[in-house]
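Below is one structure, written out as structure tokens, with a few remarks after it.
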Amino acid sequence: MDIQKAQFTENTGLLFEQMGMTRMAGRIFGYLIVSEKDSASFDELCAELQASKGSISGNLKQLIQIEFVEPIGHPGDRKTYYRPVRKDMISILKARTPLLLKFRDMLNEAHSLREQDDHISEWLVESNAFFHWYFDKINEIFGQWPQEKEGYLKSLENKTGTDHET
């Protein structure tokens with residue numbers, strides 16, 4: 001792996017760590033998205049990232065669970081390979097919606113269980129209002145994206161001079 005890709009992989013690990021995941025999960029994801037290969041084997045990930053089998057295994061499970069990475073097979077090869085998911089971002093974000101709804105409901109239940117109005121109660125009320133606003137806006141965005149996608153991709157092409165798959 002060249003120095004720029006190695007640095008990107010490390011920076012992705014640091015970003016994931018800031019988002020509450022493990023650095024190794026970020027390193028795996030970073031490696032997979034800058035690798036010129038379509039997929040990487042478990043052994044390749046261990047070697048390239050200089051990590052233990054246990055670390056790679058546990059973090060791959062986490063990345064698969066959150067749908068950032070998917071396992072695949074190659075015809076005639078018994079190994080499992082891993083690649084970034086091929087889902088569009090809307091599908092990935094929509095898959096998170098039920099969890100956010102459960103979180104919102106949990107906060108609402110907490111508010112109903114509180115016996116006094118204080119700063120925590122105020123925070124819970126504001127959080128509820130935010131989630132209602134958020135779901136209105138995100139559903140609006142999900143609906144608009146298919147019509148506006150091409151324009152944004154062309155705009156990015158013009159700014160960067162690179163092609164973007166649709």
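Within each chain, counting starts at residue 1; across the structure tokens, chains are named A, B, ... in the order shown, with ligands numbered 1 upward in that order.
Residues within 12 Å of Glu44 (chain A), counting only C-alpha atoms and excluding same-chain residues fewer than 3 positions away, are Met1, Ile28, Tyr31, Leu32, Ser35, Lys37, Ser39, Ala40, Ser41, Ala47, Glu48, Leu49, Gln50, Ala51, Ser52, Lys53, Ile56, Lys79, Thr80, Tyr81 and Tyr82 of chain A.
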Selection export as a PDB file, in the first residue's frame, atoms kept: C-alpha atoms:
ATOM      1  CA  MET A   1       0.000   0.000   0.000  1.00  0.00           C
ATOM      2  CA  ILE A  28     -10.511  -1.872   7.470  1.00  0.00           C
ATOM      3  CA  TYR A  31      -8.390   0.123   3.193  1.00  0.00           C
ATOM      4  CA  LEU A  32     -11.305  -1.416   1.308  1.00  0.00           C
ATOM      5  CA  SER A  35      -7.841  -0.537  -2.617  1.00  0.00           C
ATOM      6  CA  LYS A  37      -9.069  -4.522  -5.848  1.00  0.00           C
ATOM      7  CA  SER A  39     -12.458  -7.164  -2.533  1.00  0.00           C
ATOM      8  CA  ALA A  40      -9.925  -8.382   0.017  1.00  0.00           C
ATOM      9  CA  SER A  41      -9.551 -11.700   1.796  1.00  0.00           C
ATOM     10  CA  ALA A  47      -1.323  -8.644   6.415  1.00  0.00           C
ATOM     11  CA  GLU A  48      -2.018  -5.200   4.922  1.00  0.00           C
ATOM     12  CA  LEU A  49      -3.237  -3.711   8.189  1.00  0.00           C
ATOM     13  CA  GLN A  50      -0.700  -5.592  10.320  1.00  0.00           C
ATOM     14  CA  ALA A  51      -3.443  -6.691  12.676  1.00  0.00           C
ATOM     15  CA  SER A  52      -4.313  -9.870  14.526  1.00  0.00           C
ATOM     16  CA  LYS A  53      -6.908 -12.295  13.223  1.00  0.00           C
ATOM     17  CA  ILE A  56      -9.880  -8.196  11.996  1.00  0.00           C
ATOM     18  CA  LYS A  79     -12.169 -18.115   0.991  1.00  0.00           C
ATOM     19  CA  THR A  80     -14.508 -15.338   2.037  1.00  0.00           C
ATOM     20  CA  TYR A  81     -13.717 -11.920   0.671  1.00  0.00           C
ATOM     21  CA  TYR A  82     -14.911  -8.542   1.867  1.00  0.00           C
TER      22      TYR A  82
END
Assign secondary structure with DSSP using the backbone only, and return the residues of region 53-145 of chain A in strand (DSSP E or B) as a VMD selection string.
-> chain A and resid 69 to 73 80 to 84
Just the selected residues (C-alpha atoms), exported as a JSON list (two decimals), in the first residue's frame, please.
[["chain", "number", "residue", "atom", "x", "y", "z"],
["A", 69, "VAL", "CA", -18.93, -4.08, 4.39],
["A", 70, "GLU", "CA", -20.32, -7.26, 2.88],
["A", 71, "PRO", "CA", -18.82, -10.74, 2.63],
["A", 72, "ILE", "CA", -18.67, -12.30, -0.83],
["A", 73, "GLY", "CA", -17.36, -15.47, -2.42],
["A", 80, "THR", "CA", -14.51, -15.34, 2.04],
["A", 81, "TYR", "CA", -13.72, -11.92, 0.67],
["A", 82, "TYR", "CA", -14.91, -8.54, 1.87],
["A", 83, "ARG", "CA", -15.84, -5.38, 0.03],
["A", 84, "PRO", "CA", -17.63, -2.11, 0.74]]
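In this structure, CA of Leu113 (chain A) sits 20.1 Å away from CA of His132 (chain A).
Rounded to one decimal, CA of Glu157 (chain A) and CA of Lys5 (chain A) lie 22.5 Å from each other.
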Step one, run DSSP on the backbone; step two, keep only residues of region 57-125 of chain A assigned to alpha helix (DSSP H); then write them as a PyMOL selection string.
-> chain A and resi 57-65+89-113+119-125
Using only C-alpha atoms, which residues sit within 9 Å of Met24 (chain A) once same-chain residues fewer than 5 positions away are excluded, as a PyMOL selection string?
-> chain A and resi 10+13-14+16-17+29+49+51+55-56+59
Please identify all polymer residues within 12 Å of Ile138 (chain A), counting only C-alpha atoms, omitting same-chain residues fewer than 6 positions from it, and present them as a list in words.
-> Ile90, Leu93, Lys94, Arg96, Thr97, Leu100, Phe130, Phe131, His132, Gln144 and Trp145 of chain A
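Taking CA of Ile33 (chain A) and CA of Lys61 (chain A) as endpoints, the distance between them is 17.2 Å.
Closest approach to Trp123 (chain A) among A:Ser91, A:Gly143, A:Phe135, A:Leu107 is made by A:Leu107 (distances from only C-alpha atoms).
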Tell me, as a CSV table (one decimal) with all heavy atoms, in the first residue's frame, which residues lie within 9 Å of Phe8 (chain A), counting only C-alpha atoms; anything in the same chain fewer than 3 positions away does not count.
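After the write, selection-v4.csv holds the following:
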chain,number,residue,atom,x,y,z
A,3,ILE,N,2.1,5.2,0.4
A,3,ILE,CA,2.1,6.1,1.6
A,3,ILE,C,0.8,6.9,1.8
A,3,ILE,O,0.2,7.0,2.8
A,3,ILE,CB,3.3,7.0,1.7
A,3,ILE,CG1,3.4,7.7,3.1
A,3,ILE,CG2,3.3,8.0,0.6
A,3,ILE,CD1,4.0,6.8,4.1
A,4,GLN,N,0.3,7.4,0.6
A,4,GLN,CA,-1.0,8.2,0.7
A,4,GLN,C,-2.2,7.3,1.1
A,4,GLN,O,-3.0,7.7,1.9
A,4,GLN,CB,-1.3,8.9,-0.6
A,4,GLN,CG,-0.3,10.0,-0.9
A,4,GLN,CD,-0.7,10.7,-2.2
A,4,GLN,OE1,-0.8,10.0,-3.3
A,4,GLN,NE2,-0.8,12.0,-2.2
A,5,LYS,N,-2.2,6.1,0.5
A,5,LYS,CA,-3.3,5.2,0.9
A,5,LYS,C,-3.2,4.8,2.3
A,5,LYS,O,-4.2,4.6,3.0
A,5,LYS,CB,-3.4,4.1,-0.1
A,5,LYS,CG,-3.9,4.5,-1.4
A,5,LYS,CD,-4.0,3.3,-2.4
A,5,LYS,CE,-4.6,3.8,-3.7
A,5,LYS,NZ,-4.7,2.8,-4.7
A,11,ASN,N,-6.2,7.7,8.8
A,11,ASN,CA,-7.1,8.8,9.1
A,11,ASN,C,-8.5,8.3,9.2
A,11,ASN,O,-9.3,8.8,10.0
A,11,ASN,CB,-7.0,9.9,8.1
A,11,ASN,CG,-5.6,10.6,8.1
A,11,ASN,OD1,-4.9,10.6,9.2
A,11,ASN,ND2,-5.3,11.3,7.1
A,12,THR,N,-8.9,7.4,8.4
A,12,THR,CA,-10.2,6.8,8.4
A,12,THR,C,-10.4,6.1,9.8
A,12,THR,O,-11.5,6.2,10.4
A,12,THR,CB,-10.5,5.8,7.3
A,12,THR,OG1,-10.3,6.5,6.0
A,12,THR,CG2,-11.9,5.3,7.2
A,13,GLY,N,-9.4,5.4,10.2
A,13,GLY,CA,-9.5,4.8,11.5
A,13,GLY,C,-9.7,5.8,12.6
A,13,GLY,O,-10.5,5.6,13.6
A,27,ARG,N,-10.0,1.5,9.9
A,27,ARG,CA,-8.8,1.2,9.1
A,27,ARG,C,-9.2,0.1,8.0
A,27,ARG,O,-8.8,0.2,6.9
A,27,ARG,CB,-7.7,0.6,9.9
A,27,ARG,CG,-7.0,1.7,10.8
A,27,ARG,CD,-5.9,1.2,11.7
A,27,ARG,NE,-4.8,0.8,10.8
A,27,ARG,CZ,-4.0,-0.2,11.0
A,27,ARG,NH1,-4.3,-1.1,11.9
A,27,ARG,NH2,-3.0,-0.5,10.1
A,30,GLY,N,-11.4,2.0,5.5
A,30,GLY,CA,-10.5,2.8,4.7
A,30,GLY,C,-9.7,2.1,3.7
A,30,GLY,O,-9.6,2.5,2.5
A,31,TYR,N,-9.2,1.0,4.1
A,31,TYR,CA,-8.4,0.1,3.2
A,31,TYR,C,-9.3,-0.4,2.0
A,31,TYR,O,-8.9,-0.3,0.9
A,31,TYR,CB,-7.8,-1.1,3.9
A,31,TYR,CG,-7.1,-2.0,3.0
A,31,TYR,CD1,-5.8,-1.7,2.5
A,31,TYR,CD2,-7.7,-3.2,2.6
A,31,TYR,CE1,-5.2,-2.6,1.6
A,31,TYR,CE2,-7.1,-4.1,1.7
A,31,TYR,CZ,-5.8,-3.8,1.2
A,31,TYR,OH,-5.2,-4.6,0.3
A,34,VAL,N,-10.1,2.4,-0.7
A,34,VAL,CA,-9.0,2.9,-1.5
A,34,VAL,C,-8.2,1.8,-2.2
A,34,VAL,O,-7.4,2.1,-3.1
A,34,VAL,CB,-8.0,3.8,-0.7
A,34,VAL,CG1,-8.7,5.1,-0.2
A,34,VAL,CG2,-7.3,3.1,0.3
10 Å contact set for Asp105 (chain A), only C-alpha atoms, chain neighbours under 6 positions out, as a ChimeraX atom specification = /A:99,111,128,131
